[in-house]
Amino acid sequence: MTAFPKRRWANCPPYILALFLAVTPAWAVQPDEILADRALESRAREISRDIRCPTCQGESIDDSNAPISRDLRLIIRERLVAGDTDAEVFDYIVARYGEGVLFNPPAEGANLVLWLAGPALFLVGSALALAAGRRRTAPEVALSAEEETRLKEILKE
Amino acid sequence: MIVELGHFALILALMVALVQSTLPLWGAHRGDARLMALAGPAALLQMGLVGVSFAALTWAFVVSDFSLAVVVSNSHTLKPMLYKVSGVWGNHEGSLLLWVLILAVYGAAVAAFGGNLPTRLKARVLAVQGMIGVAFLLFLLLTSNPFWRLALPPLDGQDLNPLLQDPGLALHPPFLYLGYVGLSMAFSFAVAALIEGRVDAAWGRWVRPWTLAAWVFLTIGIALGSWWAYYELGWGGFWFWDPVENASFMPWLLAIALLHSAIVVEKRESLKAWTILLAIMAFGFSLIGTFIVRSGVITSVHAFANDPDRGVFILMILGFFTGGSLILFALRAGAMEARGVFALVSRESALVANNVLLAVATFVVFIGTIWPLVGTMLLGRDLSVGEPFFNAAFSPFVVALALILPPGAMLAWKRGDIGRSLRGLIPVMVLAVALGALAFAMQTGRTALGPIGLMLGAWVGFGALADLWARTGREQGGARFARLGRLPRADWGKATAHFGLGVTIFAVSAMLAWKIEDIRIVQEGESFPLGAYEVRLDKVEDVQGPNYTSTMGWMTVTRDGEVVAVLNPEKRIYPVAQMPTTEAAIDYGFLRDVYLVLGDRQQSGGWAVRSYIEPFANWLWAGCILMALGGLLSLSDRRYRVAAGARKVPAGVPAE
């Protein structure tokens, strides 16, 4: 309905809300979190855009102000510095916080339905539209050779 | 006293809506002219009563009547007047009252301006509109009454959420509702046509302006919300694929599909059943959106009211209207035979392809939005779906739509020649590819998204202009320019809206691909580079606002030593709501926005500063405005003006 972030912090547990009120809100990515290695840092940003803030729901940890998101951002950087691949970092976080933090559900198992629903509907819809189109045009195609010649004669006149 | 009058008027409006939804329907069935004639006055009266009720609630907000629960939780005596008024719809109860008011206004508009509608159809349309009114008035009075009094009124209120105290957001909900609720008109016309068992070109011509108007409002509403998110939330994002945003996006997409299929009904008397189905679905998705926002079932940063009882009630409304109309559809759709036949390559087929792609894209957004719910309820798993999914699963259909749009829009009705359409577009194709290649050469080692977006945007945008030009005929020279001015407004509307879509496609990809971000600690007096610019933090001061305190930064943006702008990013604290907000400072420009955000003071001294260069941000809003403008131009086309009033003017055959 409305795009009101009416209760932006409503989904956070009360203790986190209390933290907000006690201090001014922590920032989404803080300057002191940023890694000196630019390649690693940009990988960390890519990963953190795909991880949901566990307490504030609709936001990625890259955008979120919650303290837990900051912890997660630091963990990601720690793992990257330790030499993990992106996939290993995701596995590490999913093992601790559950698959619910993944904004990009992997296309396997039941999630295949999610990923294939669009393409499947597209194929079905196109097939139906084509079939309906065929039916609609059928009478028009039927011009016999006799009718063709007659048509030409008429057009010549 | 005034509050009680408002409450009483609302109950009376429910009674009137009950009359409006039953007697005219019976009259239309029996052919009783007196009963049918009841519909118009009832619709006008209903609007008047809901209007009184809305005025009463507004008055309560303006004078800060803290004996009303909804005023206490959403207002404060110190709040500026603009936000006292916008606070009326800044909460669940009040916004629902606005919803009902707009519904009644649409009904009254049909009653007042629908003079050329056949009596029977008009009575049925108004009756269906009345039924929707009954459902929502009941919902309002039973579960979300804004006139609820408190036994012990407090001295002052709890203030409106500071994020909502913003002019952009004051206007966003009314536009959005005008759009959502406007789709109820298409729905009412569809159901009335199903009851009659007849859909013809005239029906297409009556239903299209309402859909067009609703779509224009929805476009403006969504753009306002997106613009607000851009400047208020502090990281320059404009779309988050949040469930609530998706809730407005789905009806918008379906309304586009409906607009285009209604053209086929109007001009070719084909696709009738499909158009009826689309009208039902477009309003159905408006109701689903209402459900998503107000039930709290799907987690969203925008959650409005988290009350399961309300959710169940909306689910019942949703079930009644979509279920009922779909059953009616199943019974009657067979009666709607298509008259116009068309070949596989024709404008009709291109519009069918447009509809298939839009319907599938809507479905992708829908399944992505409800998938977390499916995960919890059916799979017992905690699942999230966010931006990466939508980017991957939704975008291909938009790309496909953009690719087929220019040639499809130039195909002839009934039987087209795809080769001829494409030959006319060769210059556009060359231009688009050249622009894309140029962008690719200028950016080194960045994602291909920017150049591809530019290419697609140019293809759609310039394709729209080529289409308009092609309509001026084949001879050479100045005569064609003269003819350009005489083209029907519908042609100009089509070109403007399609051109706006091209601009939007380009702007979205440019903003996603070419954004520059910088996060660092800056000491007062220190400078740092940002793209081609140099930014200096001059000083940070504390400032007192009307109902907040602010920490304000003074930042100078220079380019090659010349001052471009002095910007004041702020951090505000609203003491009553106990909530901090950030106010980004933006230097709006034609090619880029410089976007500065002030963060916390650091223990080491200095301030955290986030700065962005947002390329072509203004193009995004311009694209949306162009699309809405295109809709308005089409709406002002002669055939609707003629249809809308003066019967003495013979209804001319549209120039197409």
# chains A, B, ... in the order shown; residues from 1 in each chain; ligands from 1
call {"tool": "interface_residues", "arguments": {"of": "chain B", "to": "chain A", "cutoff": "6 Å", "atoms": "only C-alpha atoms", "output": "MDAnalysis selection string"}}
result
chainID B and resid 173 244 289:290 293 300:302 304 341:343 360 364 382:386 388:389 519:520
call {"tool": "closest_residue", "arguments": {"among": "A:Arg96, A:Arg77, A:Arg38, A:Lys152", "to": "Pro54 in chain A", "atoms": "only C-alpha atoms"}}
result
A:Arg96
call {"tool": "select_by_dssp", "arguments": {"residues": "range 493-631 of chain B", "states": "alpha helix (DSSP H)", "output": "ChimeraX atom specification"}}
result
/B:493-514,617-631
call {"tool": "residues_around", "arguments": {"residues": "Pro146 in chain B", "least_positions_apart": "6", "cutoff": "9 Å", "atoms": "only C-alpha atoms", "output": "VMD selection string"}}
result
chain B and resid 7 57 68 to 71 92 to 94 96 to 97 140
call {"tool": "write_last_selection", "arguments": {"atoms": "N, CA and C atoms", "output": "compact mmCIF listing (two decimals), in the first residue's frame"}}
result
# COMPACT_ATOMS: atom_id res chain seq x y z
N HIS B 7 -17.80 10.27 12.78
CA HIS B 7 -18.04 8.86 13.02
C HIS B 7 -19.42 8.45 12.49
N LEU B 57 -11.89 14.00 10.76
CA LEU B 57 -10.63 13.45 11.27
C LEU B 57 -9.49 14.46 11.05
N LEU B 68 -8.58 11.43 20.79
CA LEU B 68 -8.63 10.38 19.77
C LEU B 68 -7.33 9.57 19.81
N ALA B 69 -7.46 8.26 19.89
CA ALA B 69 -6.28 7.40 20.02
C ALA B 69 -5.32 7.60 18.85
N VAL B 70 -5.87 7.72 17.66
CA VAL B 70 -5.02 7.78 16.48
C VAL B 70 -4.24 9.10 16.41
N VAL B 71 -4.84 10.16 16.96
CA VAL B 71 -4.13 11.45 17.00
C VAL B 71 -2.99 11.38 18.01
N HIS B 92 -2.34 3.64 9.95
CA HIS B 92 -3.21 2.64 9.36
C HIS B 92 -4.66 3.13 9.22
N GLU B 93 -5.25 3.60 10.33
CA GLU B 93 -6.68 3.92 10.33
C GLU B 93 -6.98 5.08 9.37
N GLY B 94 -6.21 6.16 9.50
CA GLY B 94 -6.46 7.32 8.68
C GLY B 94 -6.23 7.05 7.21
N LEU B 96 -6.60 4.29 5.72
CA LEU B 96 -7.71 3.47 5.21
C LEU B 96 -8.94 4.35 4.94
N LEU B 97 -9.12 5.36 5.78
CA LEU B 97 -10.23 6.29 5.54
C LEU B 97 -10.00 7.04 4.22
N LEU B 140 -13.13 -0.81 7.98
CA LEU B 140 -12.74 0.40 8.71
C LEU B 140 -13.46 0.47 10.05
call {"tool": "residues_around", "arguments": {"residues": "Leu454 in chain B", "least_positions_apart": "4", "cutoff": "6 Å", "atoms": "only C-alpha atoms", "output": "list in words"}}
result
Gly436, Ala458 and Phe506 of chain B
call {"tool": "write_last_selection", "arguments": {"atoms": "N, CA and C atoms", "output": "PDB file, in the first residue's frame"}}
result
ATOM      1  N   GLY B 436      26.016   2.654 -27.084  1.00  0.00           N
ATOM      2  CA  GLY B 436      26.463   1.606 -26.170  1.00  0.00           C
ATOM      3  C   GLY B 436      27.959   1.378 -26.284  1.00  0.00           C
ATOM      4  N   ALA B 458      18.269   3.784 -25.395  1.00  0.00           N
ATOM      5  CA  ALA B 458      18.269   4.545 -26.650  1.00  0.00           C
ATOM      6  C   ALA B 458      17.371   3.870 -27.686  1.00  0.00           C
ATOM      7  N   PHE B 506      17.505   3.593 -19.072  1.00  0.00           N
ATOM      8  CA  PHE B 506      18.889   4.062 -19.082  1.00  0.00           C
ATOM      9  C   PHE B 506      19.307   4.536 -17.690  1.00  0.00           C
TER      10      PHE B 506
END
call {"tool": "residues_around", "arguments": {"residues": "Ser611 in chain B", "least_positions_apart": "3", "cutoff": "12 Å", "atoms": "only C-alpha atoms", "output": "PyMOL selection string"}}
result
(chain A and resi 31) or (chain B and resi 234-236+515-522+528-531+533-537+555+557+567+569+584-587+593-599+608+614)
call {"tool": "atom_distance", "arguments": {"atom1": "CA of Arg205 in chain B", "atom2": "CA of Arg268 in chain B"}}
result
11.5 Å
call {"tool": "residues_around", "arguments": {"residues": "Leu49 in chain B", "least_positions_apart": "6", "cutoff": "8 Å", "atoms": "only C-alpha atoms", "output": "list in words"}}
result
Ala9, Leu10, Leu12 and Ala13 of chain B
call {"tool": "residues_around", "arguments": {"residues": "Ser509 in chain B", "least_positions_apart": "6", "cutoff": "7 Å", "atoms": "only C-alpha atoms", "output": "short mmCIF file (atom, residue, chain, number, x, y, z; two decimals) with C-alpha atoms, in the first residue's frame"}}
result
data_model
loop_
_atom_site.label_atom_id
_atom_site.label_comp_id
_atom_site.auth_asym_id
_atom_site.auth_seq_id
_atom_site.Cartn_x
_atom_site.Cartn_y
_atom_site.Cartn_z
CA LEU B 449 25.34 -3.06 -17.27
CA GLY B 450 25.88 0.63 -18.06
CA GLY B 453 21.32 -0.06 -20.36
#
